[in-house]
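Q: Below you will find the structure I want to go over with you.
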Amino acid sequence: QFYSSPSFLNPSETGFFQEDWRVGGHLKQHWPWAQNDKRFTYMTYGFFGDIGLMKGNKLGKDWLGVGGSFLNDFAGDGRLSIIKINLSAAYHKVLGNEGKYSISFGLGGTYVQKGIDYEQLYFDNQWNDVFFDTDVPSGEANANENFGYFDINAGTHFSALFNNKYNVVVGFSMLHLNR
């Protein structure tokens with residue numbers, strides 16, 4: 001899953017690749033048989049894109065990366081949903097004359113929207129000893145059905161190329177810095 005959306009896991013991965021740009025996406029669907037209408041009970045999809053800026057230009061061998069990603073996830077009868085929109089930027093500093101080592105620093109901001117549809121859920125007091133009767137009021141407080149918040153993420157990583165064949169990357173990221 002690291003390659004499905006790298007900037008979500010560590011913002012310092014934004015723009016860290018050989019080419020000028022990259023895009024990607026993923027889709028995962030679970031358990032279509034879990035509900036009578038056969039729609040997928042769990043589904044996640046997302047996509048990302050980032051570009052490397054100023055590679056070989058004013059910064060020498062250093063470069064910048066900027067990108068964004070989108071993730072939509074929903075699950076279960078209540079359609080618990082999570083939408084994430086992420087923007088990130090990173091600075092990549094090349095170390096040494098041969099350019100085999102680099103260190104990167106990244107910062108990201110994510111807007112998260114969460115929600116649930118309480119009308120699609122069943123509760124204990126709706127059970128009539130035979131089946132769940134959705135016409136019976138659930139008695140549950142449906143406060144905060146949808147809410148959103150902004151999240152800040154940061155990360156760094158070190159990369160080393162050995163024998164022009166093996167690339168080792170060690171990174172560290174911290175998510176939810178403002179929570």
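Labels used: A, B, ... for chains in the order of the structure tokens, numbers from 1 for residues in each chain, and numbers from 1 for ligands as shown.
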Excluding same-chain residues fewer than 5 positions from Trp127 of chain A, what lies within 12 Å of it counting only C-alpha atoms, as a PyMOL selection string?
A: chain A and resi 122+132-138
Q: Using the chain letters and numbers from this document, which residues of segment 20-165 of chain A does DSSP assign to strand (DSSP E), as number ranges by chain?
A: A: 21-30, 42-53, 63-75, 80-95, 101-115, 146-162
Q: Give the answer as one residue: which of A:Leu121, A:Leu71, A:Ala89, A:Val130 has the shortest atom-to-atom distance to Pro11 of chain A, using only C-alpha atoms?
A: A:Ala89
Q: Could you pull out the residues in chain A that DSSP calls helix (DSSP H, G or I) from the backbone, as a PDB file with N, CA, C and O atoms, in the first residue's frame?
A:
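Output contents, as saved in states17.pdb:
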ATOM      1  N   PRO A   6       1.862   7.356  -1.622  1.00  0.00           N
ATOM      2  CA  PRO A   6       2.985   7.572  -0.700  1.00  0.00           C
ATOM      3  C   PRO A   6       2.918   8.860   0.105  1.00  0.00           C
ATOM      4  O   PRO A   6       3.325   8.882   1.267  1.00  0.00           O
ATOM      5  N   SER A   7       2.385   9.936  -0.452  1.00  0.00           N
ATOM      6  CA  SER A   7       2.363  11.202   0.291  1.00  0.00           C
ATOM      7  C   SER A   7       1.382  11.184   1.455  1.00  0.00           C
ATOM      8  O   SER A   7       1.499  11.985   2.367  1.00  0.00           O
ATOM      9  N   PHE A   8       0.399  10.259   1.450  1.00  0.00           N
ATOM     10  CA  PHE A   8      -0.487  10.107   2.607  1.00  0.00           C
ATOM     11  C   PHE A   8       0.278   9.533   3.795  1.00  0.00           C
ATOM     12  O   PHE A   8       0.009   9.869   4.940  1.00  0.00           O
ATOM     13  N   LEU A   9       1.229   8.655   3.542  1.00  0.00           N
ATOM     14  CA  LEU A   9       1.993   8.031   4.624  1.00  0.00           C
ATOM     15  C   LEU A   9       3.138   8.905   5.105  1.00  0.00           C
ATOM     16  O   LEU A   9       3.461   8.904   6.287  1.00  0.00           O
ATOM     17  N   PRO A  11       4.732  12.834   3.938  1.00  0.00           N
ATOM     18  CA  PRO A  11       4.769  13.942   2.987  1.00  0.00           C
ATOM     19  C   PRO A  11       6.135  14.152   2.333  1.00  0.00           C
ATOM     20  O   PRO A  11       6.218  14.743   1.260  1.00  0.00           O
ATOM     21  N   SER A  12       7.199  13.652   2.937  1.00  0.00           N
ATOM     22  CA  SER A  12       8.523  13.814   2.328  1.00  0.00           C
ATOM     23  C   SER A  12       8.681  12.962   1.068  1.00  0.00           C
ATOM     24  O   SER A  12       9.632  13.145   0.320  1.00  0.00           O
ATOM     25  N   GLU A  13       7.756  12.050   0.797  1.00  0.00           N
ATOM     26  CA  GLU A  13       7.786  11.243  -0.431  1.00  0.00           C
ATOM     27  C   GLU A  13       7.234  12.002  -1.638  1.00  0.00           C
ATOM     28  O   GLU A  13       7.338  11.534  -2.762  1.00  0.00           O
ATOM     29  N   PRO A  32     -19.696  -8.050  -1.280  1.00  0.00           N
ATOM     30  CA  PRO A  32     -20.966  -7.667  -1.924  1.00  0.00           C
ATOM     31  C   PRO A  32     -22.126  -8.543  -1.464  1.00  0.00           C
ATOM     32  O   PRO A  32     -23.275  -8.146  -1.577  1.00  0.00           O
ATOM     33  N   TRP A  33     -21.843  -9.715  -0.934  1.00  0.00           N
ATOM     34  CA  TRP A  33     -22.893 -10.639  -0.500  1.00  0.00           C
ATOM     35  C   TRP A  33     -23.419 -10.333   0.908  1.00  0.00           C
ATOM     36  O   TRP A  33     -24.351 -10.969   1.368  1.00  0.00           O
ATOM     37  N   ALA A  34     -22.849  -9.347   1.600  1.00  0.00           N
ATOM     38  CA  ALA A  34     -23.225  -9.071   2.988  1.00  0.00           C
ATOM     39  C   ALA A  34     -24.534  -8.302   3.105  1.00  0.00           C
ATOM     40  O   ALA A  34     -25.079  -8.193   4.189  1.00  0.00           O
ATOM     41  N   TYR A 118     -27.489   7.460  10.087  1.00  0.00           N
ATOM     42  CA  TYR A 118     -28.134   6.745  11.197  1.00  0.00           C
ATOM     43  C   TYR A 118     -29.437   6.077  10.779  1.00  0.00           C
ATOM     44  O   TYR A 118     -29.874   5.107  11.397  1.00  0.00           O
ATOM     45  N   GLU A 119     -30.068   6.583   9.734  1.00  0.00           N
ATOM     46  CA  GLU A 119     -31.333   5.999   9.272  1.00  0.00           C
ATOM     47  C   GLU A 119     -31.142   4.572   8.755  1.00  0.00           C
ATOM     48  O   GLU A 119     -32.084   3.801   8.690  1.00  0.00           O
ATOM     49  N   GLN A 120     -29.934   4.226   8.365  1.00  0.00           N
ATOM     50  CA  GLN A 120     -29.656   2.893   7.823  1.00  0.00           C
ATOM     51  C   GLN A 120     -29.193   1.896   8.883  1.00  0.00           C
ATOM     52  O   GLN A 120     -28.923   0.744   8.572  1.00  0.00           O
ATOM     53  N   ASP A 124     -30.880  -1.972  19.302  1.00  0.00           N
ATOM     54  CA  ASP A 124     -31.515  -3.001  20.135  1.00  0.00           C
ATOM     55  C   ASP A 124     -32.995  -2.771  20.372  1.00  0.00           C
ATOM     56  O   ASP A 124     -33.786  -3.719  20.353  1.00  0.00           O
ATOM     57  N   ASN A 125     -33.388  -1.521  20.609  1.00  0.00           N
ATOM     58  CA  ASN A 125     -34.792  -1.273  20.932  1.00  0.00           C
ATOM     59  C   ASN A 125     -35.706  -1.352  19.701  1.00  0.00           C
ATOM     60  O   ASN A 125     -36.912  -1.181  19.817  1.00  0.00           O
ATOM     61  N   GLN A 126     -35.141  -1.634  18.512  1.00  0.00           N
ATOM     62  CA  GLN A 126     -35.954  -1.849  17.316  1.00  0.00           C
ATOM     63  C   GLN A 126     -36.223  -3.342  17.074  1.00  0.00           C
ATOM     64  O   GLN A 126     -36.894  -3.704  16.119  1.00  0.00           O
TER      65      GLN A 126
END
Q: To one decimal place in Å, what is the distance between atom CA of Ile116 of chain A and atom CA of Met43 of chain A?
A: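 Between these atoms lies a distance of 14.5 Å.
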Q: When you count only C-alpha atoms, which of these residues is closest to Gly99 of chain A: A:Asn153, A:Asn164, A:Ser69, A:Thr14?
A: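 Selected residue with least distance to Gly99 of chain A: A:Asn164.
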Q: Could you check the closest approach to Tyr149 of chain A for each of A:Gln29, A:Asn86, A:Thr110, A:Ser102 and tell me which residue wins, using only C-alpha atoms?
A: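 Result for the nearest residue to Tyr149 of chain A: A:Thr110.
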Q: Would you kindly return, as a PDB file with N, CA and C atoms, in the first residue's frame, each protein, DNA or RNA residue with an atom no farther than 9 Å from any atom of Thr44 of chain A, considering only C-alpha atoms and excluding same-chain residues fewer than 5 positions away?
A:
ATOM      1  N   HIS A  26      -6.164   3.639  -6.614  1.00  0.00           N
ATOM      2  CA  HIS A  26      -6.482   2.314  -6.100  1.00  0.00           C
ATOM      3  C   HIS A  26      -7.979   2.211  -5.814  1.00  0.00           C
ATOM      4  N   LEU A  27      -8.463   0.975  -5.865  1.00  0.00           N
ATOM      5  CA  LEU A  27      -9.859   0.677  -5.599  1.00  0.00           C
ATOM      6  C   LEU A  27      -9.921  -0.661  -4.888  1.00  0.00           C
ATOM      7  N   LYS A  28     -10.670  -0.703  -3.791  1.00  0.00           N
ATOM      8  CA  LYS A  28     -10.845  -1.956  -3.065  1.00  0.00           C
ATOM      9  C   LYS A  28     -12.298  -2.067  -2.652  1.00  0.00           C
ATOM     10  N   GLN A  29     -12.926  -3.210  -2.998  1.00  0.00           N
ATOM     11  CA  GLN A  29     -14.319  -3.451  -2.670  1.00  0.00           C
ATOM     12  C   GLN A  29     -14.426  -4.765  -1.904  1.00  0.00           C
ATOM     13  N   HIS A  30     -15.263  -4.783  -0.870  1.00  0.00           N
ATOM     14  CA  HIS A  30     -15.402  -5.963  -0.018  1.00  0.00           C
ATOM     15  C   HIS A  30     -16.851  -6.413   0.061  1.00  0.00           C
ATOM     16  N   LEU A  71      -8.948  10.513  -1.075  1.00  0.00           N
ATOM     17  CA  LEU A  71      -9.331   9.186  -0.603  1.00  0.00           C
ATOM     18  C   LEU A  71     -10.788   9.225  -0.179  1.00  0.00           C
ATOM     19  N   ASN A  72     -11.565   8.231  -0.610  1.00  0.00           N
ATOM     20  CA  ASN A  72     -12.955   8.098  -0.194  1.00  0.00           C
ATOM     21  C   ASN A  72     -13.153   6.668   0.300  1.00  0.00           C
ATOM     22  N   ASP A  73     -13.691   6.537   1.508  1.00  0.00           N
ATOM     23  CA  ASP A  73     -13.882   5.238   2.122  1.00  0.00           C
ATOM     24  C   ASP A  73     -15.269   5.202   2.738  1.00  0.00           C
ATOM     25  N   PHE A  74     -16.031   4.158   2.469  1.00  0.00           N
ATOM     26  CA  PHE A  74     -17.307   4.007   3.171  1.00  0.00           C
ATOM     27  C   PHE A  74     -17.514   2.545   3.531  1.00  0.00           C
ATOM     28  N   ALA A  75     -18.228   2.345   4.651  1.00  0.00           N
ATOM     29  CA  ALA A  75     -18.321   1.001   5.198  1.00  0.00           C
ATOM     30  C   ALA A  75     -19.656   0.779   5.893  1.00  0.00           C
TER      31      ALA A  75
END
Q: As an exercise, work out the distance from atom CA of Trp21 of chain A to atom CA of Gln113 of chain A in Å and give it to one decimal place.
A: 27.8 Å
Q: Between A:Leu107, A:Met174, A:Ala160, A:Ile152, which one has atoms that come closest to Ser88 of chain A, using only C-alpha atoms?
A: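 Selected residue with least distance to Ser88 of chain A: A:Leu107.
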Q: Out of A:Ser159, A:Phe70, A:Ala154, A:Lys55, which residue has the shortest atom-to-atom distance to Gly106 of chain A when counting only C-alpha atoms?
A: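 The closest residue to Gly106 of chain A is A:Ala154.
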Q: Can you pull out the residues contacting Val112 of chain A? Cut-off 6 Å, using only C-alpha atoms, and skip same-chain residues under 4 positions away; I want them as a ChimeraX atom specification.
A: /A:83-84,148-149
Q: Using only C-alpha atoms, find the one residue out of A:Phe158, A:Tyr42, A:Phe150, A:Phe172 that sits nearest to Asp77 of chain A.
A: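 The shortest atom-to-atom distance to Asp77 of chain A comes from A:Tyr42.
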Q: What does the distance from atom CA of Gly155 of chain A to atom CA of Val169 of chain A come to in Å, to one decimal?
A: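 Answer for the atom CA of Gly155 of chain A to atom CA of Val169 of chain A separation: 12.9 Å.
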Q: So which residues touch segment 93-96 of chain A within 12 Å, counting only C-alpha atoms, skipping near sequence neighbours fewer than 2 positions away, as a list in words?
A: Ser12, Phe16, Lys55, Gly56, Leu59, Gly60, Lys61, Asp62, Trp63, Leu64, Gly65, Ala90, Tyr91, Glu98, Gly99, Lys100, Tyr101, Ser102, Ile103, Ser104, Phe105, Gly106, Thr156, His157, Phe158, Ser159, Ala160 and Leu161 of chain A
